[in-house]
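Here is the file data-v7.pdb (PDB, N, CA and C atoms).
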ATOM      1  N   MET N   1      14.447  27.362  27.733
ATOM      2  CA  MET N   1      13.040  27.459  28.074
ATOM      3  C   MET N   1      12.456  28.644  27.317
ATOM      4  N   ASN N   2      11.272  28.428  26.736
ATOM      5  CA  ASN N   2      10.611  29.528  26.041
ATOM      6  C   ASN N   2       9.477  30.075  26.911
ATOM      7  N   ILE N   3       8.781  31.082  26.400
ATOM      8  CA  ILE N   3       7.762  31.765  27.203
ATOM      9  C   ILE N   3       6.607  30.824  27.569
ATOM     10  N   GLN N   4       6.209  29.970  26.632
ATOM     11  CA  GLN N   4       5.106  29.049  26.906
ATOM     12  C   GLN N   4       5.487  28.034  27.991
ATOM     13  N   GLN N   5       6.679  27.478  27.894
ATOM     14  CA  GLN N   5       7.142  26.527  28.912
ATOM     15  C   GLN N   5       7.258  27.195  30.272
ATOM     16  N   ALA N   6       7.740  28.430  30.304
ATOM     17  CA  ALA N   6       7.895  29.146  31.571
ATOM     18  C   ALA N   6       6.546  29.378  32.239
ATOM     19  N   VAL N   7       5.568  29.817  31.462
ATOM     20  CA  VAL N   7       4.234  30.080  32.025
ATOM     21  C   VAL N   7       3.615  28.770  32.520
ATOM     22  N   GLU N   8       3.723  27.708  31.724
ATOM     23  CA  GLU N   8       3.180  26.413  32.141
ATOM     24  C   GLU N   8       3.845  25.923  33.426
ATOM     25  N   THR N   9       5.159  26.024  33.484
ATOM     26  CA  THR N   9       5.896  25.573  34.672
ATOM     27  C   THR N   9       5.506  26.383  35.902
ATOM     28  N   CYS N  10       5.413  27.686  35.747
ATOM     29  CA  CYS N  10       5.099  28.543  36.902
ATOM     30  C   CYS N  10       3.686  28.312  37.412
ATOM     31  N   PHE N  11       2.738  28.082  36.517
ATOM     32  CA  PHE N  11       1.378  27.807  36.992
ATOM     33  C   PHE N  11       1.253  26.386  37.535
ATOM     34  N   ARG N  12       2.055  25.453  37.018
ATOM     35  CA  ARG N  12       2.053  24.095  37.558
ATOM     36  C   ARG N  12       2.668  24.076  38.971
ATOM     37  N   LYS N  13       3.663  24.910  39.197
ATOM     38  CA  LYS N  13       4.333  24.990  40.504
ATOM     39  C   LYS N  13       3.931  26.268  41.236
ATOM     40  N   TYR N  14       2.663  26.647  41.144
ATOM     41  CA  TYR N  14       2.247  27.961  41.616
ATOM     42  C   TYR N  14       2.384  28.183  43.116
ATOM     43  N   VAL N  15       2.467  27.136  43.919
ATOM     44  CA  VAL N  15       2.708  27.306  45.354
ATOM     45  C   VAL N  15       3.901  26.472  45.805
ATOM     46  N   ASP N  16       4.796  26.169  44.880
ATOM     47  CA  ASP N  16       5.995  25.393  45.194
ATOM     48  C   ASP N  16       7.138  26.370  45.466
ATOM     49  N   PHE N  17       7.454  26.537  46.740
ATOM     50  CA  PHE N  17       8.495  27.485  47.125
ATOM     51  C   PHE N  17       9.834  26.787  47.349
ATOM     52  N   SER N  18       9.923  25.526  46.959
ATOM     53  CA  SER N  18      11.180  24.793  47.082
ATOM     54  C   SER N  18      11.719  24.523  45.682
ATOM     55  N   GLY N  19      12.980  24.231  45.595
ATOM     56  CA  GLY N  19      13.589  23.980  44.305
ATOM     57  C   GLY N  19      14.203  25.238  43.715
ATOM     58  N   ARG N  20      14.464  25.158  42.418
ATOM     59  CA  ARG N  20      15.170  26.232  41.732
ATOM     60  C   ARG N  20      14.442  26.623  40.456
ATOM     61  N   ALA N  21      14.621  27.865  40.042
ATOM     62  CA  ALA N  21      14.065  28.366  38.777
ATOM     63  C   ALA N  21      15.177  29.073  38.014
ATOM     64  N   SER N  22      15.330  28.717  36.767
ATOM     65  CA  SER N  22      16.384  29.324  35.949
ATOM     66  C   SER N  22      16.060  30.785  35.640
ATOM     67  N   ARG N  23      17.072  31.472  35.159
ATOM     68  CA  ARG N  23      16.884  32.868  34.768
ATOM     69  C   ARG N  23      15.815  32.989  33.695
ATOM     70  N   SER N  24      15.885  32.096  32.711
ATOM     71  CA  SER N  24      14.912  32.176  31.614
ATOM     72  C   SER N  24      13.497  31.911  32.116
ATOM     73  N   GLU N  25      13.308  30.968  33.023
ATOM     74  CA  GLU N  25      11.973  30.703  33.558
ATOM     75  C   GLU N  25      11.415  31.941  34.252
ATOM     76  N   TYR N  26      12.225  32.569  35.074
ATOM     77  CA  TYR N  26      11.775  33.754  35.804
ATOM     78  C   TYR N  26      11.433  34.902  34.852
ATOM     79  N   TRP N  27      12.364  35.235  33.967
ATOM     80  CA  TRP N  27      12.172  36.416  33.123
ATOM     81  C   TRP N  27      11.089  36.210  32.076
ATOM     82  N   TRP N  28      10.935  35.001  31.515
ATOM     83  CA  TRP N  28       9.844  34.760  30.569
ATOM     84  C   TRP N  28       8.496  34.876  31.271
ATOM     85  N   PHE N  29       8.401  34.337  32.488
ATOM     86  CA  PHE N  29       7.140  34.433  33.214
ATOM     87  C   PHE N  29       6.834  35.896  33.553
ATOM     88  N   PHE N  30       7.834  36.623  33.977
ATOM     89  CA  PHE N  30       7.641  38.036  34.304
ATOM     90  C   PHE N  30       7.207  38.827  33.062
ATOM     91  N   LEU N  31       7.827  38.537  31.910
ATOM     92  CA  LEU N  31       7.457  39.210  30.670
ATOM     93  C   LEU N  31       6.010  38.887  30.287
ATOM     94  N   ALA N  32       5.613  37.623  30.415
ATOM     95  CA  ALA N  32       4.233  37.240  30.099
ATOM     96  C   ALA N  32       3.257  37.982  31.004
ATOM     97  N   TYR N  33       3.580  38.061  32.289
ATOM     98  CA  TYR N  33       2.738  38.796  33.240
ATOM     99  C   TYR N  33       2.618  40.261  32.828
ATOM    100  N   LEU N  34       3.738  40.874  32.490
ATOM    101  CA  LEU N  34       3.750  42.283  32.109
ATOM    102  C   LEU N  34       2.921  42.538  30.856
ATOM    103  N   ILE N  35       3.067  41.683  29.860
ATOM    104  CA  ILE N  35       2.303  41.845  28.622
ATOM    105  C   ILE N  35       0.810  41.736  28.888
ATOM    106  N   VAL N  36       0.405  40.719  29.642
ATOM    107  CA  VAL N  36      -1.020  40.530  29.935
ATOM    108  C   VAL N  36      -1.565  41.723  30.729
ATOM    109  N   ALA N  37      -0.803  42.213  31.687
ATOM    110  CA  ALA N  37      -1.257  43.355  32.486
ATOM    111  C   ALA N  37      -1.388  44.620  31.642
ATOM    112  N   ILE N  38      -0.442  44.863  30.755
ATOM    113  CA  ILE N  38      -0.488  46.064  29.914
ATOM    114  C   ILE N  38      -1.636  45.979  28.918
ATOM    115  N   VAL N  39      -1.774  44.845  28.255
ATOM    116  CA  VAL N  39      -2.878  44.683  27.304
ATOM    117  C   VAL N  39      -4.210  44.776  28.041
ATOM    118  N   GLY N  40      -4.283  44.157  29.213
ATOM    119  CA  GLY N  40      -5.505  44.241  30.012
ATOM    120  C   GLY N  40      -5.840  45.670  30.385
ATOM    121  N   ARG N  41      -4.845  46.454  30.693
ATOM    122  CA  ARG N  41      -5.056  47.862  31.059
ATOM    123  C   ARG N  41      -5.591  48.659  29.887
ATOM    124  N   LEU N  42      -5.146  48.308  28.687
ATOM    125  CA  LEU N  42      -5.643  48.996  27.498
ATOM    126  C   LEU N  42      -7.112  48.668  27.240
ATOM    127  N   ILE N  43      -7.535  47.490  27.650
ATOM    128  CA  ILE N  43      -8.920  47.071  27.444
ATOM    129  C   ILE N  43      -9.834  47.656  28.518
ATOM    130  N   ASN N  44      -9.415  47.521  29.773
ATOM    131  CA  ASN N  44     -10.258  47.955  30.878
ATOM    132  C   ASN N  44      -9.359  48.233  32.076
ATOM    133  N   GLN N  45      -9.671  49.231  32.855
ATOM    134  CA  GLN N  45      -8.809  49.616  33.976
ATOM    135  C   GLN N  45      -8.786  48.595  35.104
ATOM    136  N   TYR N  46      -9.763  47.685  35.161
ATOM    137  CA  TYR N  46      -9.824  46.719  36.259
ATOM    138  C   TYR N  46      -9.190  45.373  35.927
ATOM    139  N   ILE N  47      -8.880  45.128  34.682
ATOM    140  CA  ILE N  47      -8.283  43.853  34.292
ATOM    141  C   ILE N  47      -6.913  43.641  34.950
ATOM    142  N   PRO N  48      -6.033  44.647  35.033
ATOM    143  CA  PRO N  48      -4.745  44.406  35.702
ATOM    144  C   PRO N  48      -4.893  43.947  37.155
ATOM    145  N   ILE N  49      -5.936  44.382  37.834
ATOM    146  CA  ILE N  49      -6.169  43.929  39.213
ATOM    147  C   ILE N  49      -6.465  42.436  39.217
ATOM    148  N   ALA N  50      -7.284  41.995  38.271
ATOM    149  CA  ALA N  50      -7.589  40.564  38.156
ATOM    150  C   ALA N  50      -6.335  39.773  37.797
ATOM    151  N   VAL N  51      -5.519  40.333  36.907
ATOM    152  CA  VAL N  51      -4.271  39.668  36.514
ATOM    153  C   VAL N  51      -3.359  39.517  37.726
ATOM    154  N   ILE N  52      -3.240  40.561  38.517
ATOM    155  CA  ILE N  52      -2.397  40.494  39.716
ATOM    156  C   ILE N  52      -2.901  39.418  40.670
ATOM    157  N   LEU N  53      -4.204  39.348  40.866
ATOM    158  CA  LEU N  53      -4.772  38.341  41.767
ATOM    159  C   LEU N  53      -4.503  36.924  41.274
ATOM    160  N   VAL N  54      -4.540  36.724  39.961
ATOM    161  CA  VAL N  54      -4.309  35.396  39.395
ATOM    162  C   VAL N  54      -2.827  35.031  39.443
ATOM    163  N   VAL N  55      -1.958  35.986  39.229
ATOM    164  CA  VAL N  55      -0.531  35.723  39.050
ATOM    165  C   VAL N  55       0.289  35.923  40.325
ATOM    166  N   LEU N  56      -0.288  36.466  41.374
ATOM    167  CA  LEU N  56       0.488  36.815  42.564
ATOM    168  C   LEU N  56       1.239  35.624  43.172
ATOM    169  N   LEU N  57       0.551  34.541  43.475
ATOM    170  CA  LEU N  57       1.228  33.382  44.079
ATOM    171  C   LEU N  57       2.263  32.757  43.151
ATOM    172  N   PRO N  58       1.940  32.515  41.866
ATOM    173  CA  PRO N  58       2.980  31.973  40.992
ATOM    174  C   PRO N  58       4.191  32.898  40.863
ATOM    175  N   LEU N  59       3.965  34.209  40.856
ATOM    176  CA  LEU N  59       5.075  35.150  40.736
ATOM    177  C   LEU N  59       5.956  35.133  41.984
ATOM    178  N   ILE N  60       5.347  35.074  43.147
ATOM    179  CA  ILE N  60       6.134  34.981  44.385
ATOM    180  C   ILE N  60       6.901  33.666  44.423
ATOM    181  N   ALA N  61       6.243  32.573  44.029
ATOM    182  CA  ALA N  61       6.894  31.254  44.072
ATOM    183  C   ALA N  61       8.085  31.199  43.119
ATOM    184  N   VAL N  62       7.929  31.690  41.881
ATOM    185  CA  VAL N  62       9.044  31.648  40.938
ATOM    186  C   VAL N  62      10.163  32.585  41.387
ATOM    187  N   THR N  63       9.820  33.676  42.054
ATOM    188  CA  THR N  63      10.839  34.589  42.571
ATOM    189  C   THR N  63      11.651  33.920  43.672
ATOM    190  N   VAL N  64      10.982  33.215  44.571
ATOM    191  CA  VAL N  64      11.687  32.499  45.641
ATOM    192  C   VAL N  64      12.571  31.409  45.037
ATOM    193  N   ARG N  65      12.047  30.677  44.060
ATOM    194  CA  ARG N  65      12.853  29.627  43.419
ATOM    195  C   ARG N  65      14.035  30.229  42.662
ATOM    196  N   ARG N  66      13.853  31.424  42.087
ATOM    197  CA  ARG N  66      14.961  32.103  41.398
ATOM    198  C   ARG N  66      16.060  32.468  42.387
ATOM    199  N   LEU N  67      15.672  32.966  43.556
ATOM    200  CA  LEU N  67      16.661  33.275  44.593
ATOM    201  C   LEU N  67      17.370  32.005  45.051
ATOM    202  N   HIS N  68      16.643  30.903  45.165
ATOM    203  CA  HIS N  68      17.269  29.627  45.527
ATOM    204  C   HIS N  68      18.302  29.231  44.474
ATOM    205  N   ASP N  69      17.999  29.498  43.212
ATOM    206  CA  ASP N  69      18.890  29.097  42.123
ATOM    207  C   ASP N  69      20.248  29.776  42.206
ATOM    208  N   ILE N  70      20.298  30.965  42.755
ATOM    209  CA  ILE N  70      21.591  31.656  42.880
ATOM    210  C   ILE N  70      22.206  31.444  44.262
ATOM    211  N   GLY N  71      21.576  30.570  45.064
ATOM    212  CA  GLY N  71      22.145  30.225  46.365
ATOM    213  C   GLY N  71      21.697  31.114  47.503
ATOM    214  N   LYS N  72      20.656  31.905  47.304
ATOM    215  CA  LYS N  72      20.153  32.792  48.352
ATOM    216  C   LYS N  72      18.868  32.230  48.947
ATOM    217  N   SER N  73      18.570  32.661  50.154
ATOM    218  CA  SER N  73      17.322  32.272  50.805
ATOM    219  C   SER N  73      16.152  32.978  50.142
ATOM    220  N   GLY N  74      15.009  32.310  50.102
ATOM    221  CA  GLY N  74      13.802  32.916  49.563
ATOM    222  C   GLY N  74      13.348  34.127  50.349
ATOM    223  N   TRP N  75      13.750  34.191  51.604
ATOM    224  CA  TRP N  75      13.381  35.337  52.446
ATOM    225  C   TRP N  75      14.032  36.629  51.964
ATOM    226  N   MET N  76      15.024  36.521  51.095
ATOM    227  CA  MET N  76      15.669  37.720  50.535
ATOM    228  C   MET N  76      14.676  38.558  49.740
ATOM    229  N   ILE N  77      13.552  37.968  49.360
ATOM    230  CA  ILE N  77      12.522  38.707  48.628
ATOM    231  C   ILE N  77      12.038  39.916  49.442
ATOM    232  N   LEU N  78      12.164  39.829  50.766
ATOM    233  CA  LEU N  78      11.715  40.928  51.632
ATOM    234  C   LEU N  78      12.574  42.180  51.489
ATOM    235  N   ILE N  79      13.750  42.044  50.870
ATOM    236  CA  ILE N  79      14.581  43.220  50.609
ATOM    237  C   ILE N  79      13.808  44.205  49.731
ATOM    238  N   GLY N  80      12.895  43.683  48.932
ATOM    239  CA  GLY N  80      12.096  44.528  48.056
ATOM    240  C   GLY N  80      11.224  45.522  48.793
ATOM    241  N   LEU N  81      11.048  45.337  50.084
ATOM    242  CA  LEU N  81      10.266  46.278  50.877
ATOM    243  C   LEU N  81      11.001  47.583  51.131
ATOM    244  N   ILE N  82      12.307  47.587  50.924
ATOM    245  CA  ILE N  82      13.088  48.812  51.061
ATOM    246  C   ILE N  82      12.881  49.624  49.783
ATOM    247  N   PRO N  83      12.377  50.844  49.890
ATOM    248  CA  PRO N  83      12.086  51.628  48.689
ATOM    249  C   PRO N  83      13.310  51.819  47.795
ATOM    250  N   ILE N  84      13.132  51.701  46.528
ATOM    251  CA  ILE N  84      14.080  51.896  45.440
ATOM    252  C   ILE N  84      15.313  51.000  45.560
ATOM    253  N   VAL N  85      16.099  51.150  46.610
ATOM    254  CA  VAL N  85      17.333  50.377  46.765
ATOM    255  C   VAL N  85      17.036  48.878  46.831
ATOM    256  N   GLY N  86      15.999  48.495  47.546
ATOM    257  CA  GLY N  86      15.642  47.089  47.675
ATOM    258  C   GLY N  86      15.296  46.468  46.336
ATOM    259  N   MET N  87      14.540  47.189  45.522
ATOM    260  CA  MET N  87      14.176  46.661  44.208
ATOM    261  C   MET N  87      15.397  46.560  43.299
ATOM    262  N   LEU N  88      16.299  47.523  43.389
ATOM    263  CA  LEU N  88      17.519  47.475  42.581
ATOM    264  C   LEU N  88      18.385  46.277  42.970
ATOM    265  N   VAL N  89      18.486  46.012  44.263
ATOM    266  CA  VAL N  89      19.251  44.854  44.732
ATOM    267  C   VAL N  89      18.615  43.563  44.222
ATOM    268  N   LEU N  90      17.292  43.477  44.288
ATOM    269  CA  LEU N  90      16.615  42.273  43.822
ATOM    270  C   LEU N  90      16.798  42.067  42.318
ATOM    271  N   VAL N  91      16.687  43.119  41.547
ATOM    272  CA  VAL N  91      16.897  42.980  40.094
ATOM    273  C   VAL N  91      18.320  42.507  39.827
ATOM    274  N   TYR N  92      19.277  43.033  40.561
ATOM    275  CA  TYR N  92      20.661  42.571  40.427
ATOM    276  C   TYR N  92      20.753  41.073  40.723
ATOM    277  N   LEU N  93      20.091  40.618  41.769
ATOM    278  CA  LEU N  93      20.124  39.197  42.114
ATOM    279  C   LEU N  93      19.429  38.346  41.051
ATOM    280  N   TYR N  94      18.325  38.837  40.506
ATOM    281  CA  TYR N  94      17.572  38.062  39.517
ATOM    282  C   TYR N  94      18.354  37.832  38.227
ATOM    283  N   VAL N  95      19.258  38.736  37.879
ATOM    284  CA  VAL N  95      19.997  38.593  36.628
ATOM    285  C   VAL N  95      21.294  37.798  36.798
ATOM    286  N   GLN N  96      21.600  37.374  38.006
ATOM    287  CA  GLN N  96      22.805  36.586  38.242
ATOM    288  C   GLN N  96      22.672  35.209  37.600
ATOM    289  N   PRO N  97      23.788  34.638  37.125
ATOM    290  CA  PRO N  97      23.720  33.290  36.547
ATOM    291  C   PRO N  97      23.418  32.244  37.619
ATOM    292  N   SER N  98      22.891  31.127  37.180
ATOM    293  CA  SER N  98      22.575  30.033  38.095
ATOM    294  C   SER N  98      23.833  29.540  38.787
ATOM    295  N   GLN N  99      23.682  29.123  40.029
ATOM    296  CA  GLN N  99      24.794  28.540  40.760
ATOM    297  C   GLN N  99      25.043  27.145  40.189
ATOM    298  N   PRO N 100      26.256  26.866  39.716
ATOM    299  CA  PRO N 100      26.512  25.556  39.115
ATOM    300  C   PRO N 100      26.443  24.434  40.154
ATOM    301  N   GLY N 101      26.070  23.262  39.699
ATOM    302  CA  GLY N 101      26.008  22.109  40.587
ATOM    303  C   GLY N 101      24.820  22.172  41.518
ATOM    304  N   ALA N 102      24.934  21.428  42.590
ATOM    305  CA  ALA N 102      23.844  21.356  43.564
ATOM    306  C   ALA N 102      24.055  22.388  44.667
ATOM    307  N   ASN N 103      22.951  22.856  45.223
ATOM    308  CA  ASN N 103      23.000  23.685  46.411
ATOM    309  C   ASN N 103      21.909  23.191  47.362
ATOM    310  N   ARG N 104      21.619  23.940  48.415
ATOM    311  CA  ARG N 104      20.633  23.497  49.419
ATOM    312  C   ARG N 104      19.272  23.208  48.826
ATOM    313  N   TRP N 105      18.949  23.805  47.694
ATOM    314  CA  TRP N 105      17.604  23.714  47.138
ATOM    315  C   TRP N 105      17.500  22.787  45.943
ATOM    316  N   GLY N 106      18.558  22.087  45.631
ATOM    317  CA  GLY N 106      18.480  21.114  44.555
ATOM    318  C   GLY N 106      19.660  21.199  43.589
ATOM    319  N   SER N 107      19.556  20.384  42.567
ATOM    320  CA  SER N 107      20.608  20.280  41.576
ATOM    321  C   SER N 107      20.328  21.197  40.396
ATOM    322  N   SER N 108      21.381  21.686  39.768
ATOM    323  CA  SER N 108      21.185  22.508  38.568
ATOM    324  C   SER N 108      20.772  21.650  37.391
ATOM    325  N   ASP N 109      20.959  20.329  37.480
ATOM    326  CA  ASP N 109      20.544  19.430  36.403
ATOM    327  C   ASP N 109      19.036  19.450  36.237
ATOM    328  N   ALA N 110      18.305  19.676  37.319
ATOM    329  CA  ALA N 110      16.848  19.709  37.261
ATOM    330  C   ALA N 110      16.350  20.896  36.452
ATOM    331  N   LEU N 111      17.162  21.928  36.305
ATOM    332  CA  LEU N 111      16.747  23.123  35.557
ATOM    333  C   LEU N 111      16.646  22.856  34.066
ATOM    334  N   SER N 112      17.456  21.944  33.562
ATOM    335  CA  SER N 112      17.466  21.695  32.123
ATOM    336  C   SER N 112      16.316  20.803  31.677
ATOM    337  N   SER N 113      15.636  20.155  32.608
ATOM    338  CA  SER N 113      14.537  19.272  32.210
ATOM    339  C   SER N 113      13.198  19.964  32.255
TER
END
Starting from the file, lay out its structure as structure tokens.
Amino acid sequence: MNIQQAVETCFRKYVDFSGRASRSEYWWFFLAYLIVAIVGRLINQYIPIAVILVVLLPLIAVTVRRLHDIGKSGWMILIGLIPIVGMLVLVYLYVQPSQPGANRWGSSDALSS
């Protein structure tokens, strides 16, 4: 999956909290968000706020689907509320390889399409 496919998929599934998201889908979407926010900040101080408002639901949805892909519950996203340690744990989970085969949230075959 490339950056364009990841962004298209995430905005198409912007409130889909079921299923799975591959590592590449998550990280390409996150990178696109980061680039737009940084460039927006260079243009005007209020653009990143607009970017966050536009991207918030798709970012949460792809994060939950990413956690599903490694076999964890989407509710694990709440670990991020723990200062510093929670974010480190989440980053560790996000970089884990996909769980092979099917799990509660779907088949890994769906990730390749």
Name the closest residue to Ala61 of chain N among the candidates N:Tyr94, N:Phe17, N:Trp27, N:Phe11; distances are taken between atoms, counting all atoms listed in the file.
N:Phe17
Which distance in Å separates atom C of Tyr14 of chain N and atom C of Leu59 of chain N, to one decimal?
7.9 Å
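Comparing N:Val7, N:Ile52, N:Met76, N:Ile47 by their smallest distance to Phe30 of chain N, the closest is N:Val7 (using only N, CA and C atoms).
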Just want the 12 Å neighbourhood of Lys13 of chain N, counted on only C-alpha atoms, with same-chain residues fewer than 4 positions away dropped. Output as a PyMOL selection string.
chain N and resi 6-9+17-21+25+55+57-65
DSSP-assigned helix (DSSP H, G or I) among segment 3-91 of chain N, expressed as number ranges by chain
N: 3-12, 23-43, 47-69, 74-81, 85-91
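Compared by their closest atoms to Arg104 of chain N, and using only C-alpha atoms, the residues N:Leu67, N:Ile49, N:Val15, N:Val54 rank with N:Leu67 nearest.
As for atom CA of Leu90 of chain N and atom N of Val39 of chain N, they are spaced 24.2 Å apart.
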Considering only N, CA and C atoms, state which residue in the set N:Ser108, N:Arg23, N:Val91, N:Gly80 is at the smallest distance from Arg66 of chain N.
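Of N:Ser108, N:Arg23, N:Val91, N:Gly80, the one nearest Arg66 of chain N, counting only N, CA and C atoms, is N:Arg23.
Rounded to one decimal, atom CA of Ala32 of chain N and atom N of Gln5 of chain N lie 10.3 Å from each other.
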What does the PyMOL selection byres ((chain N and resi 98) around 6.5) select in this file, as a list in words?
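Applied to this file, the PyMOL selection byres ((chain N and resi 98) around 6.5) selects Arg23, Asp69, Ile70, Gln96, Pro97, Gln99 and Pro100 of chain N.
If you measure from each of N:Val51, N:Asn103, N:Leu56, N:Ser22 to Val36 of chain N using all atoms listed in the file, the closest one turns out to be N:Val51.
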Just add all heavy atoms to segment 74-82 of chain N and send it as an mmCIF file, in the coordinates of the input.
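Final file, part16.cif:
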data_model
loop_
_atom_site.group_PDB
_atom_site.id
_atom_site.type_symbol
_atom_site.label_atom_id
_atom_site.label_comp_id
_atom_site.auth_asym_id
_atom_site.auth_seq_id
_atom_site.Cartn_x
_atom_site.Cartn_y
_atom_site.Cartn_z
ATOM 1 N N GLY N 74 15.009 32.310 50.102
ATOM 2 C CA GLY N 74 13.802 32.916 49.563
ATOM 3 C C GLY N 74 13.348 34.127 50.349
ATOM 4 O O GLY N 74 12.644 34.999 49.835
ATOM 5 N N TRP N 75 13.750 34.191 51.604
ATOM 6 C CA TRP N 75 13.381 35.337 52.446
ATOM 7 C C TRP N 75 14.032 36.629 51.964
ATOM 8 O O TRP N 75 13.619 37.721 52.354
ATOM 9 C CB TRP N 75 13.743 35.078 53.906
ATOM 10 C CG TRP N 75 12.867 34.039 54.526
ATOM 11 C CD1 TRP N 75 13.205 32.740 54.801
ATOM 12 C CD2 TRP N 75 11.507 34.190 54.921
ATOM 13 N NE1 TRP N 75 12.133 32.087 55.344
ATOM 14 C CE2 TRP N 75 11.072 32.953 55.439
ATOM 15 C CE3 TRP N 75 10.605 35.246 54.891
ATOM 16 C CZ2 TRP N 75 9.787 32.749 55.910
ATOM 17 C CZ3 TRP N 75 9.320 35.052 55.367
ATOM 18 C CH2 TRP N 75 8.927 33.812 55.868
ATOM 19 N N MET N 76 15.024 36.521 51.095
ATOM 20 C CA MET N 76 15.669 37.720 50.535
ATOM 21 C C MET N 76 14.676 38.558 49.740
ATOM 22 O O MET N 76 14.921 39.730 49.474
ATOM 23 C CB MET N 76 16.839 37.321 49.627
ATOM 24 C CG MET N 76 17.996 36.671 50.329
ATOM 25 S SD MET N 76 19.150 37.805 51.066
ATOM 26 C CE MET N 76 19.788 38.683 49.689
ATOM 27 N N ILE N 77 13.552 37.968 49.360
ATOM 28 C CA ILE N 77 12.522 38.707 48.628
ATOM 29 C C ILE N 77 12.038 39.916 49.442
ATOM 30 O O ILE N 77 11.593 40.915 48.887
ATOM 31 C CB ILE N 77 11.345 37.783 48.249
ATOM 32 C CG1 ILE N 77 10.474 38.417 47.169
ATOM 33 C CG2 ILE N 77 10.518 37.415 49.447
ATOM 34 C CD1 ILE N 77 9.416 37.477 46.621
ATOM 35 N N LEU N 78 12.164 39.829 50.766
ATOM 36 C CA LEU N 78 11.715 40.928 51.632
ATOM 37 C C LEU N 78 12.574 42.180 51.489
ATOM 38 O O LEU N 78 12.171 43.256 51.923
ATOM 39 C CB LEU N 78 11.679 40.463 53.088
ATOM 40 C CG LEU N 78 10.678 39.342 53.389
ATOM 41 C CD1 LEU N 78 10.787 38.902 54.829
ATOM 42 C CD2 LEU N 78 9.267 39.776 53.051
ATOM 43 N N ILE N 79 13.750 42.044 50.870
ATOM 44 C CA ILE N 79 14.581 43.220 50.609
ATOM 45 C C ILE N 79 13.808 44.205 49.731
ATOM 46 O O ILE N 79 14.011 45.414 49.802
ATOM 47 C CB ILE N 79 15.910 42.811 49.941
ATOM 48 C CG1 ILE N 79 16.790 42.092 50.953
ATOM 49 C CG2 ILE N 79 16.644 44.002 49.361
ATOM 50 C CD1 ILE N 79 18.068 41.546 50.367
ATOM 51 N N GLY N 80 12.895 43.683 48.932
ATOM 52 C CA GLY N 80 12.096 44.528 48.056
ATOM 53 C C GLY N 80 11.224 45.522 48.793
ATOM 54 O O GLY N 80 10.705 46.460 48.196
ATOM 55 N N LEU N 81 11.048 45.337 50.084
ATOM 56 C CA LEU N 81 10.266 46.278 50.877
ATOM 57 C C LEU N 81 11.001 47.583 51.131
ATOM 58 O O LEU N 81 10.390 48.579 51.509
ATOM 59 C CB LEU N 81 9.864 45.642 52.216
ATOM 60 C CG LEU N 81 8.939 44.425 52.116
ATOM 61 C CD1 LEU N 81 8.734 43.802 53.492
ATOM 62 C CD2 LEU N 81 7.619 44.804 51.480
ATOM 63 N N ILE N 82 12.307 47.587 50.924
ATOM 64 C CA ILE N 82 13.088 48.812 51.061
ATOM 65 C C ILE N 82 12.881 49.624 49.783
ATOM 66 O O ILE N 82 13.167 49.139 48.692
ATOM 67 C CB ILE N 82 14.587 48.511 51.260
ATOM 68 C CG1 ILE N 82 14.806 47.636 52.487
ATOM 69 C CG2 ILE N 82 15.394 49.805 51.345
ATOM 70 C CD1 ILE N 82 16.212 47.081 52.602
#
